[in-house]
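Accompanying notes for the structure given below.
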Amino acid sequence: QVQLVEAGGGSVQTAGSLRLSCIVSKVPSNNYYNTFTITWFRQAHGNEREGVAGIDIQDSRTYYADSVKGRFTISGDKAKNTVFLQMNSLTPEDTAMYYCAAGRYVADKFGRSEYGSWGQGTQVTVSS
């Protein structure tokens with residue numbers, strides 16, 4: 001069973017930055033890993049979980065929600081089975097629990113049902 005572990009959350013002030021990491025383990029092979037799309041979702045209190053940024057591992061193609069374009073950058077380190085989310089110019093509206101998720105042959109990049117493996121989440125809090 002593929003496992004994902006997030007790290008890097010914390011509390012920052014408006015305009016600050018954080019870098020989240022997602023380590024993917026118990027992957028059967030490198031070829032298997034290459035079939036993944038790894039996507040960061042977030043869920044603020046009282047809101048639905050929404051897709052933020054995703055990356056296709058095989059070719060590093062990236063996807064962003066409109067709300068984070070130009071501020072967040074997703075990247076991957078294949079050698080370490082790790083995906084990063086660099087978050088800059090943070091605002092209180094970015095406050096949420098952030099989850100990474102892995103799915104194979106994902107069509108709808110921000111469709112929650114496409115992802116079979118999820119991490120436990122890491123909290124990001126941005127104060128004004």
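Residues are named by chain letter and number: chains run A, B, ... in the order of the structure tokens, numbers start at 1 in each chain, and ligands are numbered from 1 in the order shown.
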**OP:** Tell me which protein, DNA and RNA residues are within 7 Å of Asn81 in chain A, counting only C-alpha atoms, leaving out same-chain ones fewer than 2 positions away, and put them as a PyMOL selection string.
**Re:** chain A and resi 23-24+77-79+83
Pull N, CA, C and O atoms from the residues just selected and write them as a short mmCIF file (atom, residue, chain, number, x, y, z; two decimals), in the first residue's frame.
data_model
loop_
_atom_site.label_atom_id
_atom_site.label_comp_id
_atom_site.auth_asym_id
_atom_site.auth_seq_id
_atom_site.Cartn_x
_atom_site.Cartn_y
_atom_site.Cartn_z
N ILE A 23 6.55 12.88 0.91
CA ILE A 23 7.39 11.71 0.62
C ILE A 23 6.48 10.52 0.33
O ILE A 23 5.61 10.18 1.15
N VAL A 24 6.72 9.89 -0.81
CA VAL A 24 5.90 8.75 -1.24
C VAL A 24 6.72 7.48 -1.04
O VAL A 24 7.84 7.37 -1.55
N ASP A 77 11.19 15.43 -7.00
CA ASP A 77 12.52 14.83 -7.00
C ASP A 77 12.30 13.33 -7.15
O ASP A 77 11.98 12.64 -6.18
N LYS A 78 12.47 12.84 -8.38
CA LYS A 78 12.19 11.42 -8.65
C LYS A 78 13.10 10.50 -7.85
O LYS A 78 12.68 9.44 -7.41
N ALA A 79 14.34 10.91 -7.68
CA ALA A 79 15.30 10.05 -6.98
C ALA A 79 14.89 9.81 -5.53
O ALA A 79 15.23 8.78 -4.95
N VAL A 83 7.71 15.10 -3.56
CA VAL A 83 7.11 16.24 -4.26
C VAL A 83 7.05 17.41 -3.29
O VAL A 83 6.72 17.24 -2.11
#
**OP:** Pick out the residues sitting within 7 Å of Ser25 in chain A, and hand them over as an NGL selection string; count only C-alpha atoms, and ignore anything fewer than 4 positions along from it in its own chain.
**Re:** :A and (2-4)
Output file for the residues above (C-alpha atoms, as a compact mmCIF listing (two decimals), in the first residue's frame):
# COMPACT_ATOMS: atom_id res chain seq x y z
CA VAL A 2 1.50 3.30 -1.14
CA GLN A 3 2.04 5.73 1.72
CA LEU A 4 2.39 9.51 1.66
Subject >> Neighbour list for Ser21 in chain A as a PyMOL selection string, cut-off 9 Å, only C-alpha atoms, skip fewer than 3 positions in-chain >> reply: chain A and resi 5-9+82-86+100
Dump all heavy atoms for the selected residues as a short mmCIF file (atom, residue, chain, number, x, y, z; two decimals), in the first residue's frame?
data_model
loop_
_atom_site.label_atom_id
_atom_site.label_comp_id
_atom_site.auth_asym_id
_atom_site.auth_seq_id
_atom_site.Cartn_x
_atom_site.Cartn_y
_atom_site.Cartn_z
N VAL A 5 3.56 10.94 3.20
CA VAL A 5 3.76 11.67 4.45
C VAL A 5 4.12 13.11 4.10
O VAL A 5 5.10 13.36 3.41
CB VAL A 5 4.86 11.04 5.31
CG1 VAL A 5 5.09 11.88 6.56
CG2 VAL A 5 4.49 9.61 5.68
N GLU A 6 3.31 14.04 4.62
CA GLU A 6 3.54 15.46 4.39
C GLU A 6 4.35 16.06 5.54
O GLU A 6 4.28 15.58 6.67
CB GLU A 6 2.22 16.23 4.27
CG GLU A 6 1.27 15.74 3.21
CD GLU A 6 0.23 14.79 3.75
OE1 GLU A 6 0.49 14.15 4.79
OE2 GLU A 6 -0.87 14.67 3.14
N ALA A 7 5.07 17.12 5.21
CA ALA A 7 5.81 17.87 6.22
C ALA A 7 5.97 19.30 5.74
O ALA A 7 5.79 19.59 4.55
CB ALA A 7 7.17 17.24 6.48
N GLY A 8 6.30 20.19 6.67
CA GLY A 8 6.63 21.56 6.30
C GLY A 8 5.59 22.60 6.63
O GLY A 8 5.82 23.79 6.41
N GLY A 9 4.45 22.18 7.15
CA GLY A 9 3.45 23.16 7.52
C GLY A 9 3.89 23.99 8.72
O GLY A 9 4.91 23.71 9.35
N THR A 82 9.82 12.29 -3.86
CA THR A 82 9.34 13.41 -3.06
C THR A 82 8.80 14.50 -3.96
O THR A 82 9.38 14.79 -5.02
CB THR A 82 10.46 13.98 -2.18
OG1 THR A 82 10.95 12.94 -1.32
CG2 THR A 82 9.95 15.12 -1.31
N VAL A 83 7.71 15.10 -3.56
CA VAL A 83 7.11 16.24 -4.26
C VAL A 83 7.05 17.41 -3.29
O VAL A 83 6.72 17.24 -2.11
CB VAL A 83 5.71 15.88 -4.78
CG1 VAL A 83 4.99 17.10 -5.31
CG2 VAL A 83 5.81 14.82 -5.87
N PHE A 84 7.38 18.58 -3.81
CA PHE A 84 7.42 19.79 -3.00
C PHE A 84 6.35 20.78 -3.46
O PHE A 84 5.99 20.80 -4.63
CB PHE A 84 8.80 20.45 -3.11
CG PHE A 84 9.93 19.56 -2.70
CD1 PHE A 84 10.68 18.88 -3.65
CD2 PHE A 84 10.25 19.40 -1.37
CE1 PHE A 84 11.72 18.05 -3.29
CE2 PHE A 84 11.30 18.58 -0.98
CZ PHE A 84 12.03 17.90 -1.95
N LEU A 85 5.91 21.59 -2.53
CA LEU A 85 5.04 22.71 -2.85
C LEU A 85 5.62 23.96 -2.20
O LEU A 85 5.57 24.11 -0.98
CB LEU A 85 3.61 22.46 -2.36
CG LEU A 85 2.60 23.54 -2.76
CD1 LEU A 85 2.39 23.53 -4.28
CD2 LEU A 85 1.26 23.34 -2.05
N GLN A 86 6.19 24.81 -3.04
CA GLN A 86 6.71 26.09 -2.56
C GLN A 86 5.58 27.10 -2.60
O GLN A 86 5.01 27.35 -3.67
CB GLN A 86 7.87 26.56 -3.45
CG GLN A 86 8.44 27.91 -3.06
CD GLN A 86 9.13 27.88 -1.70
OE1 GLN A 86 9.88 26.97 -1.39
NE2 GLN A 86 8.88 28.91 -0.90
N CYS A 100 -1.33 15.74 0.49
CA CYS A 100 -0.89 15.28 -0.82
C CYS A 100 -1.56 13.94 -1.11
O CYS A 100 -1.87 13.17 -0.19
CB CYS A 100 0.62 15.19 -0.93
SG CYS A 100 1.44 14.01 0.13
#
Subject >> Best match for closeness to Trp118 in chain A among A:Phe72, A:Tyr64, A:Tyr33, A:Trp40, counting only C-alpha atoms >> reply: A:Trp40
**OP:** Apply DSSP to the structure's backbone, then extract all residues of chain A labelled strand (DSSP E or B) and return them as an MDAnalysis selection string.
**Re:** chainID A and resid 3:7 10:13 18:25 36:43 50:56 62:64 72:77 82:87 96:104 117:118 122:127
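If only C-alpha atoms are the atoms counted, then among A:Ser113, A:Thr35, A:Ser128, A:Gln123 the closest residue to Asp59 in chain A is A:Thr35.
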Subject >> Expected answer as a list in words: helix (DSSP H, G or I) residues in chain A >> reply: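 Here are the helix (DSSP H, G or I) residues of chain A: Asn30, Asn31, Tyr32, Tyr33, Lys78, Ala79, Lys80, Pro92, Glu93, Asp94, Arg112, Ser113 and Glu114 of chain A.
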Selection to disk with N, CA, C and O atoms, as a PDB file, in the first residue's frame:
ATOM      1  N   ASN A  30      10.080   1.904  -9.809  1.00  0.00           N
ATOM      2  CA  ASN A  30      10.191   3.229 -10.407  1.00  0.00           C
ATOM      3  C   ASN A  30       9.170   3.406 -11.527  1.00  0.00           C
ATOM      4  O   ASN A  30       8.597   4.491 -11.694  1.00  0.00           O
ATOM      5  N   ASN A  31       8.965   2.363 -12.307  1.00  0.00           N
ATOM      6  CA  ASN A  31       7.979   2.450 -13.392  1.00  0.00           C
ATOM      7  C   ASN A  31       6.588   2.731 -12.829  1.00  0.00           C
ATOM      8  O   ASN A  31       5.811   3.500 -13.400  1.00  0.00           O
ATOM      9  N   TYR A  32       6.274   2.099 -11.730  1.00  0.00           N
ATOM     10  CA  TYR A  32       4.982   2.333 -11.078  1.00  0.00           C
ATOM     11  C   TYR A  32       4.873   3.782 -10.623  1.00  0.00           C
ATOM     12  O   TYR A  32       3.854   4.444 -10.828  1.00  0.00           O
ATOM     13  N   TYR A  33       5.938   4.281 -10.020  1.00  0.00           N
ATOM     14  CA  TYR A  33       5.943   5.675  -9.545  1.00  0.00           C
ATOM     15  C   TYR A  33       5.714   6.633 -10.703  1.00  0.00           C
ATOM     16  O   TYR A  33       5.053   7.663 -10.559  1.00  0.00           O
ATOM     17  N   LYS A  78      12.472  12.838  -8.384  1.00  0.00           N
ATOM     18  CA  LYS A  78      12.191  11.422  -8.651  1.00  0.00           C
ATOM     19  C   LYS A  78      13.097  10.502  -7.855  1.00  0.00           C
ATOM     20  O   LYS A  78      12.683   9.436  -7.409  1.00  0.00           O
ATOM     21  N   ALA A  79      14.341  10.909  -7.677  1.00  0.00           N
ATOM     22  CA  ALA A  79      15.300  10.052  -6.978  1.00  0.00           C
ATOM     23  C   ALA A  79      14.886   9.807  -5.533  1.00  0.00           C
ATOM     24  O   ALA A  79      15.230   8.781  -4.948  1.00  0.00           O
ATOM     25  N   LYS A  80      14.137  10.757  -4.969  1.00  0.00           N
ATOM     26  CA  LYS A  80      13.740  10.654  -3.563  1.00  0.00           C
ATOM     27  C   LYS A  80      12.251  10.405  -3.395  1.00  0.00           C
ATOM     28  O   LYS A  80      11.744  10.433  -2.267  1.00  0.00           O
ATOM     29  N   PRO A  92      -4.138  34.996   4.443  1.00  0.00           N
ATOM     30  CA  PRO A  92      -4.989  34.236   5.374  1.00  0.00           C
ATOM     31  C   PRO A  92      -5.926  33.262   4.655  1.00  0.00           C
ATOM     32  O   PRO A  92      -6.303  32.229   5.242  1.00  0.00           O
ATOM     33  N   GLU A  93      -6.279  33.580   3.408  1.00  0.00           N
ATOM     34  CA  GLU A  93      -7.157  32.682   2.644  1.00  0.00           C
ATOM     35  C   GLU A  93      -6.474  31.359   2.302  1.00  0.00           C
ATOM     36  O   GLU A  93      -7.132  30.398   1.890  1.00  0.00           O
ATOM     37  N   ASP A  94      -5.169  31.278   2.461  1.00  0.00           N
ATOM     38  CA  ASP A  94      -4.440  30.027   2.218  1.00  0.00           C
ATOM     39  C   ASP A  94      -4.421  29.125   3.447  1.00  0.00           C
ATOM     40  O   ASP A  94      -3.923  27.997   3.384  1.00  0.00           O
ATOM     41  N   ARG A 112     -11.118  14.573  -6.583  1.00  0.00           N
ATOM     42  CA  ARG A 112     -10.686  13.828  -5.399  1.00  0.00           C
ATOM     43  C   ARG A 112     -10.811  12.317  -5.587  1.00  0.00           C
ATOM     44  O   ARG A 112      -9.998  11.532  -5.105  1.00  0.00           O
ATOM     45  N   SER A 113     -11.836  11.895  -6.325  1.00  0.00           N
ATOM     46  CA  SER A 113     -12.081  10.460  -6.488  1.00  0.00           C
ATOM     47  C   SER A 113     -11.017   9.773  -7.342  1.00  0.00           C
ATOM     48  O   SER A 113     -10.946   8.544  -7.375  1.00  0.00           O
ATOM     49  N   GLU A 114     -10.192  10.534  -8.023  1.00  0.00           N
ATOM     50  CA  GLU A 114      -9.129   9.970  -8.868  1.00  0.00           C
ATOM     51  C   GLU A 114      -7.931   9.492  -8.055  1.00  0.00           C
ATOM     52  O   GLU A 114      -7.061   8.822  -8.573  1.00  0.00           O
TER      53      GLU A 114
END
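With only C-alpha atoms taken into account, the protein and nucleic acid residues at most 7 Å from Phe36 in chain A (excluding it and anything under 2 positions from it in its own chain) are Tyr33, Asn34, Ile38, Asp56, Ile57, Ala102, Gly103, Arg104 and Tyr105 of chain A.
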Using only N, CA and C atoms, please write the residues we just selected to a file, as a tab-separated table (two decimals), in the first residue's frame.
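Wrote it out as again.tsv, contents follow:
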chain	number	residue	atom	x	y	z
A	33	TYR	N	5.94	4.28	-10.02
A	33	TYR	CA	5.94	5.67	-9.54
A	33	TYR	C	5.71	6.63	-10.70
A	34	ASN	N	6.28	6.32	-11.86
A	34	ASN	CA	6.16	7.20	-13.01
A	34	ASN	C	4.73	7.30	-13.55
A	38	ILE	N	0.82	13.34	-8.61
A	38	ILE	CA	0.82	13.71	-7.19
A	38	ILE	C	0.24	15.12	-7.10
A	56	ASP	N	2.49	15.58	-12.91
A	56	ASP	CA	2.61	14.24	-13.49
A	56	ASP	C	4.07	13.82	-13.35
A	57	ILE	N	4.32	12.74	-12.65
A	57	ILE	CA	5.68	12.35	-12.33
A	57	ILE	C	6.49	12.04	-13.59
A	102	ALA	N	-1.88	10.67	-4.25
A	102	ALA	CA	-1.30	10.00	-5.41
A	102	ALA	C	-2.37	9.23	-6.15
A	103	GLY	N	-2.38	9.40	-7.46
A	103	GLY	CA	-3.30	8.65	-8.30
A	103	GLY	C	-2.60	8.21	-9.57
A	104	ARG	N	-3.04	7.09	-10.11
A	104	ARG	CA	-2.45	6.57	-11.35
A	104	ARG	C	-3.36	6.89	-12.52
A	105	TYR	N	-2.74	7.32	-13.61
A	105	TYR	CA	-3.47	7.61	-14.86
A	105	TYR	C	-4.66	8.54	-14.59
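Straight-line separation from CA of Ser11 in chain A to CA of Thr125 in chain A: 4.6 Å.
If you measure from each of A:Gly111, A:Gly121, A:Gly116, A:Gly51 to Gly10 in chain A using only C-alpha atoms, the closest one turns out to be A:Gly121.
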Original post:
Leaving out Ser127 in chain A and any residue of its chain fewer than 3 positions from it, which residues lie within 9 Å of it when counting only C-alpha atoms, given as a list in words?
Top reply: Ser11, Val12, Gln13, Thr14, Thr91, Pro92 and Thr95 of chain A
Original post:
If you measure from CA of Val68 in chain A to CA of Met97 in chain A, what distance in Å do you get, rounded to one decimal?
Top reply: 15.3 Å
Original post:
From the set A:Thr62, A:Ser117, A:Thr122, A:Asn47, which residue has the shortest atom-to-atom contact distance to Val27 in chain A, counting only C-alpha atoms?
Top reply: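 Looking only at the distances to Val27 in chain A, the closest residue turns out to be A:Ser117.
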